[in-house]
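Shown next: query27.txt, containing compact mmCIF, C-alpha atoms.
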# COMPACT_ATOMS: atom_id res chain seq x y z
CA MET Y 1 -1.67 31.06 58.14
CA PRO Y 2 -1.99 27.44 56.95
CA THR Y 3 1.11 25.25 57.06
CA ILE Y 4 2.30 22.35 54.94
CA SER Y 5 4.46 19.56 56.31
CA ASN Y 6 6.28 16.58 54.93
CA TYR Y 7 7.18 12.98 55.62
CA THR Y 8 10.91 12.39 55.81
CA PHE Y 9 12.48 9.37 54.16
CA ASP Y 10 12.64 7.63 57.54
CA GLU Y 11 8.97 8.32 58.25
CA ILE Y 12 7.82 6.90 54.91
CA SER Y 13 6.83 3.25 54.75
CA ILE Y 14 6.00 1.01 51.82
CA GLY Y 15 2.22 0.84 51.44
CA GLN Y 16 1.69 4.36 52.82
CA THR Y 17 -1.02 6.24 50.94
CA ALA Y 18 -2.34 9.76 50.46
CA THR Y 19 -5.07 11.36 48.36
CA TYR Y 20 -5.56 14.80 46.85
CA ALA Y 21 -8.57 16.02 44.89
CA LYS Y 22 -9.42 18.88 42.58
CA THR Y 23 -12.58 19.75 40.69
CA ILE Y 24 -11.81 20.72 37.11
CA GLY Y 25 -13.56 23.95 36.28
CA GLU Y 26 -13.84 25.55 32.86
CA GLN Y 27 -11.40 28.23 34.03
CA ASP Y 28 -8.79 25.60 34.92
CA ILE Y 29 -8.75 24.40 31.32
CA VAL Y 30 -8.47 27.95 30.00
CA GLN Y 31 -5.67 28.71 32.47
CA PHE Y 32 -3.79 25.58 31.44
CA ALA Y 33 -4.12 26.65 27.80
CA VAL Y 34 -2.71 30.09 28.58
CA LEU Y 35 0.10 28.71 30.72
CA SER Y 36 1.24 25.92 28.40
CA GLY Y 37 0.34 27.54 25.10
CA ASP Y 38 -1.81 24.57 24.08
CA ALA Y 39 -4.77 26.37 22.51
CA ASN Y 40 -6.30 23.37 20.78
CA PRO Y 41 -10.02 23.92 20.17
CA VAL Y 42 -10.89 20.49 21.61
CA HIS Y 43 -10.08 22.09 24.98
CA LEU Y 44 -11.47 25.56 24.33
CA ASP Y 45 -14.23 25.55 21.72
CA ALA Y 46 -17.42 23.70 22.65
CA GLY Y 47 -18.71 23.82 19.07
CA TYR Y 48 -15.59 22.22 17.68
CA ALA Y 49 -15.28 19.73 20.55
CA ALA Y 50 -18.82 18.52 19.82
CA THR Y 51 -17.61 17.34 16.40
CA THR Y 52 -14.79 15.21 17.87
CA GLN Y 53 -14.94 11.71 19.28
CA PHE Y 54 -15.12 13.24 22.76
CA GLY Y 55 -18.35 15.13 22.05
CA GLU Y 56 -17.46 17.89 24.49
CA ARG Y 57 -14.53 19.96 25.70
CA ILE Y 58 -11.86 17.90 27.46
CA ALA Y 59 -9.13 18.95 29.85
CA HIS Y 60 -5.52 18.79 28.72
CA GLY Y 61 -4.07 15.43 29.80
CA MET Y 62 -1.14 17.14 31.44
CA LEU Y 63 -3.49 19.10 33.70
CA THR Y 64 -4.00 15.77 35.44
CA GLY Y 65 -0.21 15.45 35.49
CA ALA Y 66 -0.05 18.83 37.23
CA ILE Y 67 -2.53 17.67 39.87
CA ILE Y 68 -0.54 14.48 40.45
CA SER Y 69 2.61 16.55 40.91
CA ALA Y 70 0.80 18.76 43.43
CA ALA Y 71 -0.34 15.69 45.38
CA LEU Y 72 3.28 14.58 45.71
CA ALA Y 73 4.50 18.06 46.65
CA MET Y 74 1.74 18.89 49.11
CA LYS Y 75 0.81 15.52 50.64
CA LEU Y 76 3.35 12.72 50.28
CA PRO Y 77 6.29 13.12 50.62
CA GLY Y 78 5.47 16.87 50.69
CA PRO Y 79 7.78 19.90 50.93
CA GLY Y 80 11.50 19.30 50.47
CA SER Y 81 10.97 16.43 48.02
CA ILE Y 82 12.88 16.50 44.76
CA TYR Y 83 10.93 15.21 41.79
CA LEU Y 84 13.10 12.79 39.82
CA SER Y 85 10.69 11.20 37.38
CA GLN Y 86 7.08 10.62 36.50
CA SER Y 87 5.40 8.29 34.04
CA LEU Y 88 1.84 8.93 32.95
CA ARG Y 89 -0.57 6.83 30.96
CA PHE Y 90 -3.73 8.71 30.04
CA THR Y 91 -6.63 6.27 30.17
CA ALA Y 92 -9.82 8.37 29.93
CA PRO Y 93 -10.74 11.98 29.19
CA VAL Y 94 -11.42 14.53 31.94
CA THR Y 95 -14.28 16.93 31.24
CA ILE Y 96 -15.55 20.13 32.86
CA GLY Y 97 -16.94 19.53 36.33
CA ASP Y 98 -15.08 16.26 36.89
CA VAL Y 99 -13.56 15.72 40.31
CA VAL Y 100 -10.07 14.28 39.83
CA THR Y 101 -8.78 12.40 42.87
CA VAL Y 102 -5.13 11.45 42.96
CA LYS Y 103 -4.24 8.33 44.92
CA LEU Y 104 -0.62 7.92 45.92
CA GLU Y 105 0.95 4.77 47.30
CA VAL Y 106 4.56 4.18 48.26
CA THR Y 107 5.73 1.05 46.45
CA ASP Y 108 9.47 1.09 47.11
CA LYS Y 109 12.19 2.81 49.13
CA ASN Y 110 15.82 2.95 48.06
CA GLU Y 111 17.73 3.21 51.35
CA ARG Y 112 21.10 3.83 49.73
CA ARG Y 113 20.02 6.66 47.47
CA GLY Y 114 17.20 8.03 49.64
CA PHE Y 115 14.52 7.94 47.03
CA VAL Y 116 10.99 6.61 47.09
CA THR Y 117 8.89 5.12 44.32
CA MET Y 118 5.17 5.88 44.32
CA HIS Y 119 2.28 4.49 42.36
CA THR Y 120 0.29 7.49 41.14
CA GLU Y 121 -3.26 7.11 39.94
CA ALA Y 122 -5.98 9.64 39.16
CA VAL Y 123 -9.66 8.69 39.10
CA ASN Y 124 -12.81 10.70 38.37
CA GLN Y 125 -15.98 10.98 40.48
CA ASP Y 126 -17.26 7.70 39.03
CA GLY Y 127 -14.10 5.88 40.09
CA LYS Y 128 -12.93 5.67 36.48
CA ARG Y 129 -9.18 5.84 36.13
CA VAL Y 130 -8.13 8.84 34.03
CA ALA Y 131 -4.35 8.50 34.43
CA THR Y 132 -1.92 6.08 36.00
CA GLY Y 133 1.82 5.92 36.41
CA GLU Y 134 4.79 5.95 38.69
CA ALA Y 135 6.80 8.70 40.34
CA GLN Y 136 10.26 8.71 41.87
CA LEU Y 137 11.29 11.38 44.33
CA LEU Y 138 14.24 12.08 46.51
CA ALA Y 139 12.46 12.13 49.86
CA PRO Y 140 13.12 14.92 52.36
CA LYS Y 141 15.81 14.21 54.95
CA GLU Y 142 14.56 16.88 57.35
CA LYS Y 143 11.14 17.41 58.82
CA LEU Y 144 9.66 20.66 57.53
CA VAL Y 145 6.61 22.57 58.65
CA LEU Y 146 6.31 25.57 56.36
CA GLN Y 147 3.93 28.46 56.16
CA GLN Y 148 1.97 28.04 52.99
CA PRO Y 149 2.37 31.14 50.82
CA GLU Y 150 -0.88 32.88 50.02
CA LEU Y 151 -1.96 32.43 46.42
CA PRO Y 152 -3.36 35.30 44.37
CA THR Y 153 -6.72 35.32 42.67
CA VAL Y 154 -6.61 34.69 38.94
CA THR Y 155 -8.89 36.70 36.68
CA LEU Y 156 -9.35 35.90 33.00
CA SER Y 157 -10.42 38.65 30.64
CA THR Y 158 -10.83 38.69 26.86
CA MET W 159 -7.17 34.61 12.99
CA PRO W 160 -4.16 32.30 13.37
CA THR W 161 -4.57 28.64 12.50
CA ILE W 162 -2.98 25.45 13.81
CA SER W 163 -2.49 22.40 11.65
CA ASN W 164 -1.32 18.85 12.17
CA TYR W 165 0.69 16.06 10.62
CA THR W 166 -1.36 12.96 9.93
CA PHE W 167 0.02 9.52 10.71
CA ASP W 168 0.88 9.04 7.03
CA GLU W 169 2.71 12.38 6.88
CA ILE W 170 4.87 11.60 9.92
CA SER W 171 8.25 10.00 9.37
CA ILE W 172 10.75 8.57 11.80
CA GLY W 173 13.41 11.17 12.51
CA GLN W 174 11.02 14.11 12.00
CA THR W 175 11.59 16.89 14.52
CA ALA W 176 9.89 20.00 15.88
CA THR W 177 10.71 22.58 18.53
CA TYR W 178 8.62 24.78 20.81
CA ALA W 179 9.91 27.35 23.28
CA LYS W 180 8.56 29.29 26.23
CA THR W 181 10.20 31.77 28.56
CA ILE W 182 9.32 31.01 32.18
CA GLY W 183 8.17 34.18 33.87
CA GLU W 184 7.50 34.66 37.55
CA GLN W 185 3.78 34.77 36.77
CA ASP W 186 3.91 31.37 35.06
CA ILE W 187 5.14 29.80 38.29
CA VAL W 188 2.44 31.54 40.33
CA GLN W 189 -0.21 30.48 37.81
CA PHE W 190 0.97 26.89 37.94
CA ALA W 191 0.75 27.00 41.73
CA VAL W 192 -2.83 28.29 41.59
CA LEU W 193 -3.86 25.81 38.93
CA SER W 194 -2.31 22.69 40.45
CA GLY W 195 -2.60 23.67 44.11
CA ASP W 196 1.16 23.16 44.66
CA ALA W 197 1.92 26.16 46.88
CA ASN W 198 5.34 25.01 48.04
CA PRO W 199 7.45 27.99 49.12
CA VAL W 200 10.43 26.78 47.06
CA HIS W 201 8.37 27.93 44.07
CA LEU W 202 6.77 31.02 45.60
CA ASP W 203 8.87 32.48 48.40
CA ALA W 204 12.27 33.90 47.42
CA GLY W 205 13.38 34.14 51.04
CA TYR W 206 12.65 30.50 51.73
CA ALA W 207 14.00 29.34 48.37
CA ALA W 208 17.32 31.05 49.16
CA THR W 209 17.74 28.65 52.09
CA THR W 210 17.31 25.54 49.91
CA GLN W 211 19.89 23.74 47.79
CA PHE W 212 18.51 25.61 44.76
CA GLY W 213 19.31 29.04 46.21
CA GLU W 214 16.42 30.68 44.36
CA ARG W 215 12.82 30.06 43.34
CA ILE W 216 12.42 27.16 40.93
CA ALA W 217 9.59 26.31 38.57
CA HIS W 218 7.44 23.28 39.27
CA GLY W 219 8.86 20.30 37.34
CA MET W 220 5.49 19.57 35.81
CA LEU W 221 5.37 23.06 34.30
CA THR W 222 8.01 21.72 31.93
CA GLY W 223 5.73 18.70 31.44
CA ALA W 224 2.94 21.10 30.47
CA ILE W 225 5.17 22.78 27.91
CA ILE W 226 6.18 19.42 26.43
CA SER W 227 2.50 18.49 26.13
CA ALA W 228 1.81 21.79 24.36
CA ALA W 229 4.66 21.12 21.91
CA LEU W 230 3.06 17.80 20.97
CA ALA W 231 -0.43 19.30 20.71
CA MET W 232 0.53 22.42 18.76
CA LYS W 233 3.50 21.32 16.64
CA LEU W 234 3.95 17.58 16.13
CA PRO W 235 1.66 15.72 15.60
CA GLY W 236 -0.59 18.71 16.41
CA PRO W 237 -4.40 18.95 16.62
CA GLY W 238 -6.36 15.70 16.56
CA SER W 239 -3.63 13.75 18.36
CA ILE W 240 -4.63 11.66 21.35
CA TYR W 241 -2.08 11.64 24.14
CA LEU W 242 -1.52 8.08 25.31
CA SER W 243 1.50 8.33 27.59
CA GLN W 244 4.44 10.46 28.67
CA SER W 245 7.50 9.69 30.71
CA LEU W 246 9.50 12.51 32.27
CA ARG W 247 12.84 12.54 33.98
CA PHE W 248 13.63 15.88 35.60
CA THR W 249 17.32 16.53 35.24
CA ALA W 250 17.91 20.17 36.24
CA PRO W 251 15.91 22.97 37.84
CA VAL W 252 14.19 25.70 35.81
CA THR W 253 14.36 29.18 37.29
CA ILE W 254 12.65 32.49 36.55
CA GLY W 255 13.68 33.92 33.19
CA ASP W 256 14.81 30.60 31.75
CA VAL W 257 13.88 29.87 28.15
CA VAL W 258 12.69 26.27 27.95
CA THR W 259 12.93 24.78 24.47
CA VAL W 260 11.21 21.49 23.80
CA LYS W 261 12.75 19.28 21.13
CA LEU W 262 10.57 16.55 19.70
CA GLU W 263 11.74 13.71 17.52
CA VAL W 264 9.71 10.85 16.10
CA THR W 265 11.45 7.61 17.05
CA ASP W 266 8.87 4.99 16.03
CA LYS W 267 5.60 4.50 14.18
CA ASN W 268 3.20 1.65 14.88
CA GLU W 269 1.42 1.11 11.56
CA ARG W 270 -1.09 -1.35 12.91
CA ARG W 271 -2.26 0.73 15.85
CA GLY W 272 -1.65 4.17 14.32
CA PHE W 273 0.45 5.55 17.10
CA VAL W 274 3.77 7.35 17.11
CA THR W 275 6.54 7.36 19.69
CA MET W 276 8.42 10.60 20.24
CA HIS W 277 11.56 11.46 22.13
CA THR W 278 10.77 14.57 24.15
CA GLU W 279 13.52 16.69 25.59
CA ALA W 280 13.51 20.14 27.19
CA VAL W 281 16.66 22.27 27.39
CA ASN W 282 17.29 25.71 28.85
CA GLN W 283 18.95 28.71 27.19
CA ASP W 284 22.40 27.28 28.01
CA GLY W 285 21.56 24.01 26.26
CA LYS W 286 21.34 22.21 29.59
CA ARG W 287 18.76 19.45 29.60
CA VAL W 288 16.05 20.10 32.19
CA ALA W 289 13.77 17.17 31.34
CA THR W 290 13.80 14.18 29.05
CA GLY W 291 11.40 11.39 28.25
CA GLU W 292 9.19 9.70 25.75
CA ALA W 293 5.64 10.29 24.55
CA GLN W 294 3.20 8.06 22.72
CA LEU W 295 0.29 9.51 20.81
CA LEU W 296 -2.42 8.24 18.56
CA ALA W 297 -1.60 10.33 15.49
CA PRO W 298 -4.36 12.15 13.61
CA LYS W 299 -5.86 10.28 10.66
CA GLU W 300 -7.26 13.42 9.04
CA LYS W 301 -5.53 16.62 8.09
CA LEU W 302 -6.84 19.49 10.20
CA VAL W 303 -6.35 23.21 9.82
CA LEU W 304 -8.17 24.81 12.74
CA GLN W 305 -8.74 28.38 13.80
CA GLN W 306 -6.80 28.88 16.97
CA PRO W 307 -9.17 30.05 19.73
CA GLU W 308 -8.24 33.39 21.21
CA LEU W 309 -6.85 33.12 24.72
CA PRO W 310 -7.84 35.52 27.47
CA THR W 311 -5.47 37.66 29.48
CA VAL W 312 -4.70 36.35 32.94
CA THR W 313 -4.47 38.82 35.79
CA LEU W 314 -3.18 37.87 39.23
CA SER W 315 -4.30 39.88 42.22
CA THR W 316 -3.68 39.37 45.92

Write out the structure in this file as structure tokens.
Amino acid sequence: MPTISNYTFDEISIGQTATYAKTIGEQDIVQFAVLSGDANPVHLDAGYAATTQFGERIAHGMLTGAIISAALAMKLPGPGSIYLSQSLRFTAPVTIGDVVTVKLEVTDKNERRGFVTMHTEAVNQDGKRVATGEAQLLAPKEKLVLQQPELPTVTLST
Amino acid sequence: MPTISNYTFDEISIGQTATYAKTIGEQDIVQFAVLSGDANPVHLDAGYAATTQFGERIAHGMLTGAIISAALAMKLPGPGSIYLSQSLRFTAPVTIGDVVTVKLEVTDKNERRGFVTMHTEAVNQDGKRVATGEAQLLAPKEKLVLQQPELPTVTLST
């Protein structure tokens, strides 16, 4: 079974980086719509989306937020982190088939309070920035190596 | 077929409010894990979660972010908005069965650039604030009344 591990506060250094990537499939957009309740046709209806300034279906901005949050939780600092805050500026649309790569970089450590500040940026396959911002997390105190729970398969049916 | 409509920039006034609620089911947390890739056991494994400071499975923080984004996209300003930025401060955990209610309030309008600033807050069924922050959106210029696309049913299978 695959495991996930973390970096404790003491193991984290300013300038440390991590990346995490996900390809945005059509089903991801539909699943985000179901999960959030955001059923706007710009995300779901190709015919309508073609009439907008985007010209095609776009992913929900906060789907990129979800991927950034997963990068923090899975990669750096990883399990045992507590998410305190996140800022997001959405800078370009994400469309079906795009590969969103999250780049994390530790920019500050607060020794007294045990939290870390990270620069969080998401770029597409052309290197274009689609979202940028900053996260603060309470970093793990203890080293954890956890079995990664198995995820189910999701099936969509109309 | 249900429709969704928006408030144009000119129709939006400072102090205007809207709410949007969602009950967080166990399947929502699993779906968020699949969609984002965040398979941390604190979200998925009741046995492990019982050993953490939370004592039980908690929802991913950014699931609340997703619900806030849906409130903006579906309620105020609604369709045709362009999401520019969102800040989120996570202030309390969300657990299975919680009813998360998003409260939106327009706090500023930028006449020159056509964008609105909104206070975004999410509370649980006890009125406890689980997340707070601010959103900026380019508000729609045109009134839209759109047919809401039908969403599929999601089935999870191991």

(request) Write out as number ranges by chain every residue belonging to chain W that has an atom at most 7 Å from any atom of chain Y, counting only C-alpha atoms. (result) W: 186, 192-199, 202, 220, 224-225, 227-228, 231-232, 237, 241-248, 306-307, 309-316

(request) Could you jot down the CA of Gln16 (chain Y) to CA of Val123 (chain Y) separation for me, Å, one decimal place? (result) 18.3 Å

(message) Can you measure CA of Leu295 (chain W) to CA of Thr275 (chain W) for me? One decimal in Å is fine.
(response)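 About the pair CA of Leu295 (chain W) and CA of Thr275 (chain W): they are 6.7 Å apart.
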
(request) Could you give me, as a PyMOL selection string, the residues within 7 Å of Thr253 (chain W), counting only C-alpha atoms and dropping anything in the same chain fewer than 6 positions from it? (result) chain W and resi 215-217

(message) What does the structure give for the distance between CA of Ser13 (chain Y) and CA of Asn110 (chain Y), in Å to one decimal?
(response)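 Atom-to-atom, CA of Ser13 (chain Y) to CA of Asn110 (chain Y), that is 11.2 Å.
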
(request) Pick out the closest residue to Leu302 (chain W) from this set: W:Asn164, W:Lys261, W:Gly285, W:Glu169. Count all atoms listed in the file. (result)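 Selected residue with least distance to Leu302 (chain W): W:Asn164.
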
(message) What's around Gly173 (chain W) at 10 Å? Count all atoms listed in the file, leave out sequence neighbours fewer than 4 positions away in its own chain, and write the answer as an MDAnalysis selection string.
(response) chainID W and resid 262:266 276:277

(request) Please determine the residues with any atom at most 6 Å from (-0.9, 6.1, 19.4) (coordinates as given in the file, with only C-alpha atoms counting) and report them as a ChimeraX atom specification. (result) /W:272-274,294-297

(request) Point out the residue among W:Lys299, W:Gly255, W:Glu184, W:Phe167 with the least atom-to-atom distance to Glu269 (chain W), counting all atoms listed in the file. (result) W:Phe167
